[in-house]
Amino acid sequence: MITATPRRAPLRPALPVATHSVRPARAADAAELAVLSRPFVRSGALRERPASLYAVHAADFLVAQAPGCPVEGAVGLRVYPAGPGEGSGAVGVLYNFCVAGHRQGYGVGAGLLRAALATAHARSLGSLFTATTGGGDLFLQYGFAPTTARSAPTSWARSLDPRRDARILSTLL
């Protein structure tokens, strides 16, 4: 009979957990938003947008940032008025959702999504849509479900690149 003495597994060094907060983006965040998005653009998960476009649309974005750190996550929320045959009331589209690699798995994305949902509720939007080239697990956890482009705002749905094979998700608010 062989016996072994149990050993403790070596401790992994913990990543520093900086407390982040979510706030509306400012035009001055544009360069950081472009840098944050770049790895996701390279992977094909996001479309390329120049810093100037982030500056013009800064009011669309919420950013996650820890004190003294660069922007660690961002999500855009664009409002679309209902078009003919699209029901009543405005709807929102979440776009350019990204979290820095070193902060993924630490609640940054969930915090951004909760803030975006609260913003959509405050604006009395009827529903939210997004397109993802990934599995969309976080969205699904927050009540989003697969849908078709036909139920989305027409101008946004037409802007989707079919080569990216994005999955469209939505939730009612």
# chains A, B, ... in the order shown; residues from 1 in each chain; ligands from 1
$ select_by_dssp --residues "stretch 56-149 of chain A" --states "strand (DSSP E or B)" --output "MDAnalysis selection string"
chainID A and resid 61:65 71:80 91:99 127:132 145:146
$ closest_atom_pairs --of "stretch 17-40 of chain A" --to "stretch 90-99 of chain A" --cutoff "9 Å" --atoms "only C-alpha atoms" --output "CSV"
residue,atom,partner,partner_atom,distance
A:Leu36,CA,A:Cys98,CA,7.5
A:Ser37,CA,A:Cys98,CA,6.6
A:Phe40,CA,A:Cys98,CA,7.4
$ atom_distance --atom1 "atom CA of A:Phe129" --atom2 "atom CA of A:Ser159"
13.4 Å
$ closest_residue --among "A:Arg42, A:His20, A:Arg103, A:Arg47" --to "A:Pro67" --atoms "only C-alpha atoms"
A:His20
$ atom_distance --atom1 "atom CA of A:Thr130" --atom2 "atom CA of A:Val35"
21.7 Å
$ residues_around --residues "A:Val56" --least-positions-apart "6" --cutoff "10 Å" --atoms "only C-alpha atoms" --output "list in words"
Arg26, Ala27 and Ala30 of chain A
$ write_last_selection --atoms "all heavy atoms" --output "JSON list (two decimals), in the first residue's frame"
[["chain", "number", "residue", "atom", "x", "y", "z"],
["A", 26, "ARG", "N", -16.40, 60.65, -22.40],
["A", 26, "ARG", "CA", -16.20, 62.04, -22.84],
["A", 26, "ARG", "C", -15.41, 62.01, -24.15],
["A", 26, "ARG", "O", -14.72, 61.03, -24.43],
["A", 26, "ARG", "CB", -15.42, 62.81, -21.79],
["A", 26, "ARG", "CG", -16.07, 62.86, -20.42],
["A", 26, "ARG", "CD", -15.22, 63.63, -19.42],
["A", 26, "ARG", "NE", -14.00, 62.93, -19.06],
["A", 26, "ARG", "CZ", -13.86, 62.17, -17.98],
["A", 26, "ARG", "NH1", -14.85, 61.98, -17.14],
["A", 26, "ARG", "NH2", -12.70, 61.59, -17.73],
["A", 27, "ALA", "N", -15.49, 63.06, -24.90],
["A", 27, "ALA", "CA", -14.72, 63.13, -26.15],
["A", 27, "ALA", "C", -13.24, 62.91, -25.88],
["A", 27, "ALA", "O", -12.53, 62.32, -26.71],
["A", 27, "ALA", "CB", -14.97, 64.47, -26.84],
["A", 30, "ALA", "N", -11.65, 59.40, -26.40],
["A", 30, "ALA", "CA", -11.67, 58.80, -27.74],
["A", 30, "ALA", "C", -10.42, 58.00, -28.05],
["A", 30, "ALA", "O", -10.51, 56.87, -28.56],
["A", 30, "ALA", "CB", -11.88, 59.89, -28.79]]
$ closest_atom_pairs --of "stretch 30-62 of chain A" --to "stretch 113-116 of chain A" --cutoff "12 Å" --atoms "only C-alpha atoms" --output "tab-separated table"
residue	atom	partner	partner_atom	distance
A:Asp60	CA	A:Ala116	CA	10.1
A:Phe61	CA	A:Ala116	CA	9.0
A:Leu62	CA	A:Ala116	CA	7.3
$ write_last_selection --atoms "all heavy atoms" --output "PDB file, in the first residue's frame"
ATOM      1  N   ASP A  60     -22.602  58.284 -26.814  1.00  0.00           N
ATOM      2  CA  ASP A  60     -23.175  56.938 -26.892  1.00  0.00           C
ATOM      3  C   ASP A  60     -22.561  55.990 -25.863  1.00  0.00           C
ATOM      4  O   ASP A  60     -23.157  54.975 -25.527  1.00  0.00           O
ATOM      5  CB  ASP A  60     -22.903  56.300 -28.260  1.00  0.00           C
ATOM      6  CG  ASP A  60     -23.770  56.812 -29.385  1.00  0.00           C
ATOM      7  OD1 ASP A  60     -24.633  57.676 -29.145  1.00  0.00           O
ATOM      8  OD2 ASP A  60     -23.568  56.335 -30.525  1.00  0.00           O
ATOM      9  N   PHE A  61     -21.356  56.272 -25.408  1.00  0.00           N
ATOM     10  CA  PHE A  61     -20.563  55.294 -24.672  1.00  0.00           C
ATOM     11  C   PHE A  61     -20.609  55.433 -23.160  1.00  0.00           C
ATOM     12  O   PHE A  61     -20.655  56.522 -22.605  1.00  0.00           O
ATOM     13  CB  PHE A  61     -19.098  55.367 -25.115  1.00  0.00           C
ATOM     14  CG  PHE A  61     -18.862  54.726 -26.441  1.00  0.00           C
ATOM     15  CD1 PHE A  61     -19.000  55.457 -27.608  1.00  0.00           C
ATOM     16  CD2 PHE A  61     -18.532  53.388 -26.537  1.00  0.00           C
ATOM     17  CE1 PHE A  61     -18.806  54.867 -28.843  1.00  0.00           C
ATOM     18  CE2 PHE A  61     -18.349  52.780 -27.765  1.00  0.00           C
ATOM     19  CZ  PHE A  61     -18.478  53.518 -28.920  1.00  0.00           C
ATOM     20  N   LEU A  62     -20.547  54.257 -22.534  1.00  0.00           N
ATOM     21  CA  LEU A  62     -20.264  54.142 -21.111  1.00  0.00           C
ATOM     22  C   LEU A  62     -18.887  53.495 -21.029  1.00  0.00           C
ATOM     23  O   LEU A  62     -18.562  52.614 -21.841  1.00  0.00           O
ATOM     24  CB  LEU A  62     -21.286  53.239 -20.415  1.00  0.00           C
ATOM     25  CG  LEU A  62     -22.725  53.747 -20.408  1.00  0.00           C
ATOM     26  CD1 LEU A  62     -23.674  52.643 -19.926  1.00  0.00           C
ATOM     27  CD2 LEU A  62     -22.846  54.973 -19.515  1.00  0.00           C
TER      28      LEU A  62
END
$ residues_around --residues "A:Ser124" --least-positions-apart "6" --cutoff "12 Å" --atoms "only C-alpha atoms" --output "PyMOL selection string"
chain A and resi 79+81+88-92+117-118+172-173
$ atom_distance --atom1 "atom CA of A:Arg167" --atom2 "atom CA of A:Ala152"
12.1 Å
$ residues_around --residues "A:Gly135" --least-positions-apart "3" --cutoff "10 Å" --atoms "only C-alpha atoms" --output "PyMOL selection string"
chain A and resi 132+138-140+166-167
$ write_last_selection --atoms "all heavy atoms" --output "PDB file, in the first residue's frame"
ATOM      1  N   THR A 132     -23.182  39.972 -31.985  1.00  0.00           N
ATOM      2  CA  THR A 132     -21.926  39.470 -31.448  1.00  0.00           C
ATOM      3  C   THR A 132     -21.372  38.365 -32.330  1.00  0.00           C
ATOM      4  O   THR A 132     -22.132  37.554 -32.857  1.00  0.00           O
ATOM      5  CB  THR A 132     -22.096  38.965 -29.990  1.00  0.00           C
ATOM      6  OG1 THR A 132     -20.839  38.496 -29.510  1.00  0.00           O
ATOM      7  CG2 THR A 132     -23.145  37.877 -29.880  1.00  0.00           C
ATOM      8  N   LEU A 138     -22.669  36.491 -21.809  1.00  0.00           N
ATOM      9  CA  LEU A 138     -23.032  37.543 -20.851  1.00  0.00           C
ATOM     10  C   LEU A 138     -24.407  38.118 -21.186  1.00  0.00           C
ATOM     11  O   LEU A 138     -25.244  38.301 -20.298  1.00  0.00           O
ATOM     12  CB  LEU A 138     -21.976  38.651 -20.833  1.00  0.00           C
ATOM     13  CG  LEU A 138     -22.226  39.778 -19.825  1.00  0.00           C
ATOM     14  CD1 LEU A 138     -22.222  39.245 -18.390  1.00  0.00           C
ATOM     15  CD2 LEU A 138     -21.184  40.866 -19.991  1.00  0.00           C
ATOM     16  N   PHE A 139     -24.650  38.372 -22.456  1.00  0.00           N
ATOM     17  CA  PHE A 139     -25.954  38.897 -22.867  1.00  0.00           C
ATOM     18  C   PHE A 139     -27.064  37.912 -22.497  1.00  0.00           C
ATOM     19  O   PHE A 139     -28.114  38.300 -21.995  1.00  0.00           O
ATOM     20  CB  PHE A 139     -25.986  39.184 -24.370  1.00  0.00           C
ATOM     21  CG  PHE A 139     -25.098  40.311 -24.787  1.00  0.00           C
ATOM     22  CD1 PHE A 139     -23.946  40.064 -25.525  1.00  0.00           C
ATOM     23  CD2 PHE A 139     -25.404  41.623 -24.467  1.00  0.00           C
ATOM     24  CE1 PHE A 139     -23.127  41.101 -25.925  1.00  0.00           C
ATOM     25  CE2 PHE A 139     -24.583  42.662 -24.864  1.00  0.00           C
ATOM     26  CZ  PHE A 139     -23.444  42.401 -25.587  1.00  0.00           C
ATOM     27  N   LEU A 140     -26.831  36.637 -22.760  1.00  0.00           N
ATOM     28  CA  LEU A 140     -27.836  35.622 -22.461  1.00  0.00           C
ATOM     29  C   LEU A 140     -28.132  35.566 -20.964  1.00  0.00           C
ATOM     30  O   LEU A 140     -29.281  35.400 -20.557  1.00  0.00           O
ATOM     31  CB  LEU A 140     -27.390  34.257 -22.988  1.00  0.00           C
ATOM     32  CG  LEU A 140     -27.228  34.169 -24.512  1.00  0.00           C
ATOM     33  CD1 LEU A 140     -26.587  32.842 -24.910  1.00  0.00           C
ATOM     34  CD2 LEU A 140     -28.551  34.368 -25.227  1.00  0.00           C
ATOM     35  N   ALA A 166     -22.391  37.538 -37.578  1.00  0.00           N
ATOM     36  CA  ALA A 166     -22.748  37.931 -36.216  1.00  0.00           C
ATOM     37  C   ALA A 166     -24.103  37.361 -35.824  1.00  0.00           C
ATOM     38  O   ALA A 166     -25.005  37.209 -36.646  1.00  0.00           O
ATOM     39  CB  ALA A 166     -22.779  39.456 -36.087  1.00  0.00           C
ATOM     40  N   ARG A 167     -24.222  37.053 -34.574  1.00  0.00           N
ATOM     41  CA  ARG A 167     -25.463  36.566 -33.977  1.00  0.00           C
ATOM     42  C   ARG A 167     -26.186  37.765 -33.398  1.00  0.00           C
ATOM     43  O   ARG A 167     -25.609  38.540 -32.633  1.00  0.00           O
ATOM     44  CB  ARG A 167     -25.080  35.572 -32.883  1.00  0.00           C
ATOM     45  CG  ARG A 167     -26.192  34.896 -32.209  1.00  0.00           C
ATOM     46  CD  ARG A 167     -25.593  33.872 -31.240  1.00  0.00           C
ATOM     47  NE  ARG A 167     -26.635  33.217 -30.511  1.00  0.00           N
ATOM     48  CZ  ARG A 167     -26.430  32.545 -29.401  1.00  0.00           C
ATOM     49  NH1 ARG A 167     -25.219  32.435 -28.910  1.00  0.00           N
ATOM     50  NH2 ARG A 167     -27.429  31.976 -28.781  1.00  0.00           N
TER      51      ARG A 167
END
$ closest_residue --among "A:Ser127, A:Ser52, A:Thr19, A:Thr133" --to "A:Ala64" --atoms "only C-alpha atoms"
A:Thr19
$ closest_residue --among "A:Arg78, A:Arg38, A:His102, A:His57" --to "A:Pro153" --atoms "only C-alpha atoms"
A:Arg78
$ select_by_dssp --residues "stretch 50-152 of chain A" --states "alpha helix (DSSP H)" --output "list in words"
Ala51, Ser52, Leu53, Tyr54, Ala55, Val56, Val108, Gly109, Ala110, Gly111, Leu112, Leu113, Arg114, Ala115, Ala116, Leu117, Ala118, Thr119, Ala120, His121, Ala122, Asp137, Leu138, Phe139, Leu140 and Gln141 of chain A
$ write_last_selection --atoms "N, CA, C and O atoms" --output "mmCIF file, in the first residue's frame"
data_model
loop_
_atom_site.group_PDB
_atom_site.id
_atom_site.type_symbol
_atom_site.label_atom_id
_atom_site.label_comp_id
_atom_site.auth_asym_id
_atom_site.auth_seq_id
_atom_site.Cartn_x
_atom_site.Cartn_y
_atom_site.Cartn_z
ATOM 1 N N ALA A 51 -10.298 57.095 -33.850
ATOM 2 C CA ALA A 51 -10.504 57.860 -32.616
ATOM 3 C C ALA A 51 -11.443 59.043 -32.855
ATOM 4 O O ALA A 51 -12.257 59.371 -31.982
ATOM 5 N N SER A 52 -11.380 59.638 -34.026
ATOM 6 C CA SER A 52 -12.251 60.785 -34.316
ATOM 7 C C SER A 52 -13.728 60.390 -34.260
ATOM 8 O O SER A 52 -14.576 61.175 -33.823
ATOM 9 N N LEU A 53 -14.056 59.173 -34.673
ATOM 10 C CA LEU A 53 -15.443 58.707 -34.625
ATOM 11 C C LEU A 53 -15.880 58.476 -33.171
ATOM 12 O O LEU A 53 -17.012 58.784 -32.802
ATOM 13 N N TYR A 54 -14.965 57.954 -32.353
ATOM 14 C CA TYR A 54 -15.278 57.807 -30.927
ATOM 15 C C TYR A 54 -15.534 59.174 -30.290
ATOM 16 O O TYR A 54 -16.409 59.312 -29.450
ATOM 17 N N ALA A 55 -14.775 60.165 -30.707
ATOM 18 C CA ALA A 55 -14.956 61.514 -30.146
ATOM 19 C C ALA A 55 -16.324 62.074 -30.533
ATOM 20 O O ALA A 55 -17.036 62.633 -29.695
ATOM 21 N N VAL A 56 -16.716 61.895 -31.796
ATOM 22 C CA VAL A 56 -18.004 62.397 -32.269
ATOM 23 C C VAL A 56 -19.168 61.700 -31.558
ATOM 24 O O VAL A 56 -20.181 62.319 -31.243
ATOM 25 N N VAL A 108 -16.139 43.472 -14.985
ATOM 26 C CA VAL A 108 -16.159 44.749 -15.702
ATOM 27 C C VAL A 108 -17.252 44.743 -16.770
ATOM 28 O O VAL A 108 -18.049 45.680 -16.866
ATOM 29 N N GLY A 109 -17.311 43.681 -17.557
ATOM 30 C CA GLY A 109 -18.339 43.586 -18.602
ATOM 31 C C GLY A 109 -19.734 43.559 -18.013
ATOM 32 O O GLY A 109 -20.647 44.224 -18.516
ATOM 33 N N ALA A 110 -19.924 42.808 -16.935
ATOM 34 C CA ALA A 110 -21.244 42.746 -16.288
ATOM 35 C C ALA A 110 -21.640 44.114 -15.756
ATOM 36 O O ALA A 110 -22.800 44.527 -15.882
ATOM 37 N N GLY A 111 -20.691 44.839 -15.192
ATOM 38 C CA GLY A 111 -20.987 46.189 -14.702
ATOM 39 C C GLY A 111 -21.388 47.125 -15.827
ATOM 40 O O GLY A 111 -22.318 47.924 -15.684
ATOM 41 N N LEU A 112 -20.694 47.020 -16.950
ATOM 42 C CA LEU A 112 -21.050 47.838 -18.112
ATOM 43 C C LEU A 112 -22.431 47.477 -18.632
ATOM 44 O O LEU A 112 -23.230 48.357 -18.951
ATOM 45 N N LEU A 113 -22.729 46.187 -18.710
ATOM 46 C CA LEU A 113 -24.024 45.768 -19.228
ATOM 47 C C LEU A 113 -25.150 46.209 -18.294
ATOM 48 O O LEU A 113 -26.189 46.691 -18.762
ATOM 49 N N ARG A 114 -24.951 46.083 -16.989
ATOM 50 C CA ARG A 114 -25.975 46.559 -16.043
ATOM 51 C C ARG A 114 -26.202 48.061 -16.200
ATOM 52 O O ARG A 114 -27.342 48.533 -16.195
ATOM 53 N N ALA A 115 -25.130 48.815 -16.365
ATOM 54 C CA ALA A 115 -25.256 50.266 -16.543
ATOM 55 C C ALA A 115 -25.963 50.597 -17.854
ATOM 56 O O ALA A 115 -26.786 51.519 -17.912
ATOM 57 N N ALA A 116 -25.662 49.848 -18.911
ATOM 58 C CA ALA A 116 -26.319 50.082 -20.204
ATOM 59 C C ALA A 116 -27.810 49.763 -20.106
ATOM 60 O O ALA A 116 -28.648 50.503 -20.642
ATOM 61 N N LEU A 117 -28.156 48.685 -19.412
ATOM 62 C CA LEU A 117 -29.570 48.335 -19.227
ATOM 63 C C LEU A 117 -30.284 49.412 -18.416
ATOM 64 O O LEU A 117 -31.415 49.807 -18.747
ATOM 65 N N ALA A 118 -29.642 49.921 -17.377
ATOM 66 C CA ALA A 118 -30.241 50.991 -16.568
ATOM 67 C C ALA A 118 -30.432 52.257 -17.398
ATOM 68 O O ALA A 118 -31.458 52.936 -17.294
ATOM 69 N N THR A 119 -29.465 52.573 -18.245
ATOM 70 C CA THR A 119 -29.564 53.744 -19.122
ATOM 71 C C THR A 119 -30.717 53.562 -20.103
ATOM 72 O O THR A 119 -31.496 54.493 -20.342
ATOM 73 N N ALA A 120 -30.846 52.371 -20.664
ATOM 74 C CA ALA A 120 -31.935 52.088 -21.610
ATOM 75 C C ALA A 120 -33.294 52.218 -20.919
ATOM 76 O O ALA A 120 -34.236 52.774 -21.485
ATOM 77 N N HIS A 121 -33.396 51.727 -19.686
ATOM 78 C CA HIS A 121 -34.645 51.872 -18.916
ATOM 79 C C HIS A 121 -34.944 53.345 -18.668
ATOM 80 O O HIS A 121 -36.085 53.795 -18.838
ATOM 81 N N ALA A 122 -33.925 54.106 -18.273
ATOM 82 C CA ALA A 122 -34.107 55.531 -17.988
ATOM 83 C C ALA A 122 -34.551 56.296 -19.230
ATOM 84 O O ALA A 122 -35.258 57.296 -19.122
ATOM 85 N N ASP A 137 -22.589 34.865 -24.199
ATOM 86 C CA ASP A 137 -22.970 34.327 -22.892
ATOM 87 C C ASP A 137 -23.405 35.403 -21.898
ATOM 88 O O ASP A 137 -24.411 35.228 -21.202
ATOM 89 N N LEU A 138 -22.669 36.491 -21.809
ATOM 90 C CA LEU A 138 -23.032 37.543 -20.851
ATOM 91 C C LEU A 138 -24.407 38.118 -21.186
ATOM 92 O O LEU A 138 -25.244 38.301 -20.298
ATOM 93 N N PHE A 139 -24.650 38.372 -22.456
ATOM 94 C CA PHE A 139 -25.954 38.897 -22.867
ATOM 95 C C PHE A 139 -27.064 37.912 -22.497
ATOM 96 O O PHE A 139 -28.114 38.300 -21.995
ATOM 97 N N LEU A 140 -26.831 36.637 -22.760
ATOM 98 C CA LEU A 140 -27.836 35.622 -22.461
ATOM 99 C C LEU A 140 -28.132 35.566 -20.964
ATOM 100 O O LEU A 140 -29.281 35.400 -20.557
ATOM 101 N N GLN A 141 -27.114 35.746 -20.137
ATOM 102 C CA GLN A 141 -27.300 35.759 -18.682
ATOM 103 C C GLN A 141 -28.166 36.925 -18.235
ATOM 104 O O GLN A 141 -28.801 36.857 -17.185
#
$ residues_around --residues "A:Leu160" --least-positions-apart "4" --cutoff "10 Å" --atoms "only C-alpha atoms" --output "PyMOL selection string"
chain A and resi 47+131+149+155-156+164-166+168
$ write_last_selection --atoms "all heavy atoms" --output "PDB file, in the first residue's frame"
ATOM      1  N   ARG A  47     -15.722  46.197 -35.472  1.00  0.00           N
ATOM      2  CA  ARG A  47     -15.363  46.980 -36.656  1.00  0.00           C
ATOM      3  C   ARG A  47     -14.356  48.041 -36.240  1.00  0.00           C
ATOM      4  O   ARG A  47     -14.404  48.559 -35.128  1.00  0.00           O
ATOM      5  CB  ARG A  47     -16.582  47.716 -37.198  1.00  0.00           C
ATOM      6  CG  ARG A  47     -17.629  46.833 -37.734  1.00  0.00           C
ATOM      7  CD  ARG A  47     -18.725  47.700 -38.287  1.00  0.00           C
ATOM      8  NE  ARG A  47     -19.910  46.911 -38.512  1.00  0.00           N
ATOM      9  CZ  ARG A  47     -21.024  47.401 -38.944  1.00  0.00           C
ATOM     10  NH1 ARG A  47     -21.125  48.684 -39.194  1.00  0.00           N
ATOM     11  NH2 ARG A  47     -22.061  46.630 -39.128  1.00  0.00           N
ATOM     12  N   ALA A 131     -25.271  42.727 -31.698  1.00  0.00           N
ATOM     13  CA  ALA A 131     -24.754  41.692 -32.599  1.00  0.00           C
ATOM     14  C   ALA A 131     -23.407  41.266 -32.041  1.00  0.00           C
ATOM     15  O   ALA A 131     -22.596  42.108 -31.655  1.00  0.00           O
ATOM     16  CB  ALA A 131     -24.601  42.239 -34.015  1.00  0.00           C
ATOM     17  N   ALA A 149     -32.633  39.682 -37.852  1.00  0.00           N
ATOM     18  CA  ALA A 149     -32.418  41.069 -38.271  1.00  0.00           C
ATOM     19  C   ALA A 149     -33.740  41.764 -38.563  1.00  0.00           C
ATOM     20  O   ALA A 149     -33.847  42.982 -38.448  1.00  0.00           O
ATOM     21  CB  ALA A 149     -31.504  41.117 -39.489  1.00  0.00           C
ATOM     22  N   SER A 155     -32.186  50.345 -40.233  1.00  0.00           N
ATOM     23  CA  SER A 155     -30.917  50.958 -40.646  1.00  0.00           C
ATOM     24  C   SER A 155     -29.730  50.259 -39.992  1.00  0.00           C
ATOM     25  O   SER A 155     -28.678  50.096 -40.620  1.00  0.00           O
ATOM     26  CB  SER A 155     -30.909  52.453 -40.341  1.00  0.00           C
ATOM     27  OG  SER A 155     -31.073  52.673 -38.956  1.00  0.00           O
ATOM     28  N   TRP A 156     -29.877  49.834 -38.750  1.00  0.00           N
ATOM     29  CA  TRP A 156     -28.796  49.109 -38.076  1.00  0.00           C
ATOM     30  C   TRP A 156     -28.615  47.729 -38.700  1.00  0.00           C
ATOM     31  O   TRP A 156     -27.492  47.320 -38.991  1.00  0.00           O
ATOM     32  CB  TRP A 156     -29.074  48.997 -36.577  1.00  0.00           C
ATOM     33  CG  TRP A 156     -28.063  48.168 -35.852  1.00  0.00           C
ATOM     34  CD1 TRP A 156     -26.766  48.499 -35.576  1.00  0.00           C
ATOM     35  CD2 TRP A 156     -28.251  46.843 -35.328  1.00  0.00           C
ATOM     36  NE1 TRP A 156     -26.144  47.470 -34.910  1.00  0.00           N
ATOM     37  CE2 TRP A 156     -27.038  46.449 -34.744  1.00  0.00           C
ATOM     38  CE3 TRP A 156     -29.331  45.972 -35.298  1.00  0.00           C
ATOM     39  CZ2 TRP A 156     -26.874  45.209 -34.121  1.00  0.00           C
ATOM     40  CZ3 TRP A 156     -29.171  44.739 -34.674  1.00  0.00           C
ATOM     41  CH2 TRP A 156     -27.962  44.377 -34.100  1.00  0.00           C
ATOM     42  N   ARG A 164     -19.220  38.767 -41.341  1.00  0.00           N
ATOM     43  CA  ARG A 164     -18.810  38.587 -39.942  1.00  0.00           C
ATOM     44  C   ARG A 164     -19.635  37.507 -39.244  1.00  0.00           C
ATOM     45  O   ARG A 164     -19.289  37.074 -38.168  1.00  0.00           O
ATOM     46  CB  ARG A 164     -18.933  39.921 -39.191  1.00  0.00           C
ATOM     47  CG  ARG A 164     -17.974  40.966 -39.775  1.00  0.00           C
ATOM     48  CD  ARG A 164     -18.044  42.290 -39.052  1.00  0.00           C
ATOM     49  NE  ARG A 164     -17.480  42.128 -37.732  1.00  0.00           N
ATOM     50  CZ  ARG A 164     -18.080  42.558 -36.630  1.00  0.00           C
ATOM     51  NH1 ARG A 164     -19.230  43.171 -36.673  1.00  0.00           N
ATOM     52  NH2 ARG A 164     -17.526  42.392 -35.459  1.00  0.00           N
ATOM     53  N   ASP A 165     -20.752  37.087 -39.847  1.00  0.00           N
ATOM     54  CA  ASP A 165     -21.592  36.035 -39.301  1.00  0.00           C
ATOM     55  C   ASP A 165     -21.976  36.312 -37.837  1.00  0.00           C
ATOM     56  O   ASP A 165     -21.885  35.434 -36.979  1.00  0.00           O
ATOM     57  CB  ASP A 165     -20.906  34.676 -39.434  1.00  0.00           C
ATOM     58  CG  ASP A 165     -21.885  33.533 -39.277  1.00  0.00           C
ATOM     59  OD1 ASP A 165     -23.072  33.702 -39.593  1.00  0.00           O
ATOM     60  OD2 ASP A 165     -21.447  32.450 -38.820  1.00  0.00           O
ATOM     61  N   ALA A 166     -22.391  37.538 -37.578  1.00  0.00           N
ATOM     62  CA  ALA A 166     -22.748  37.931 -36.216  1.00  0.00           C
ATOM     63  C   ALA A 166     -24.103  37.361 -35.824  1.00  0.00           C
ATOM     64  O   ALA A 166     -25.005  37.209 -36.646  1.00  0.00           O
ATOM     65  CB  ALA A 166     -22.779  39.456 -36.087  1.00  0.00           C
ATOM     66  N   ILE A 168     -27.447  37.931 -33.753  1.00  0.00           N
ATOM     67  CA  ILE A 168     -28.237  39.066 -33.256  1.00  0.00           C
ATOM     68  C   ILE A 168     -29.016  38.612 -32.029  1.00  0.00           C
ATOM     69  O   ILE A 168     -29.683  37.571 -32.038  1.00  0.00           O
ATOM     70  CB  ILE A 168     -29.187  39.607 -34.343  1.00  0.00           C
ATOM     71  CG1 ILE A 168     -28.366  40.099 -35.540  1.00  0.00           C
ATOM     72  CG2 ILE A 168     -30.058  40.735 -33.787  1.00  0.00           C
ATOM     73  CD1 ILE A 168     -29.205  40.469 -36.731  1.00  0.00           C
TER      74      ILE A 168
END
$ closest_residue --among "A:Ala82, A:Val41, A:Ala34, A:Ala58" --to "A:Pro70" --atoms "only C-alpha atoms"
A:Ala34
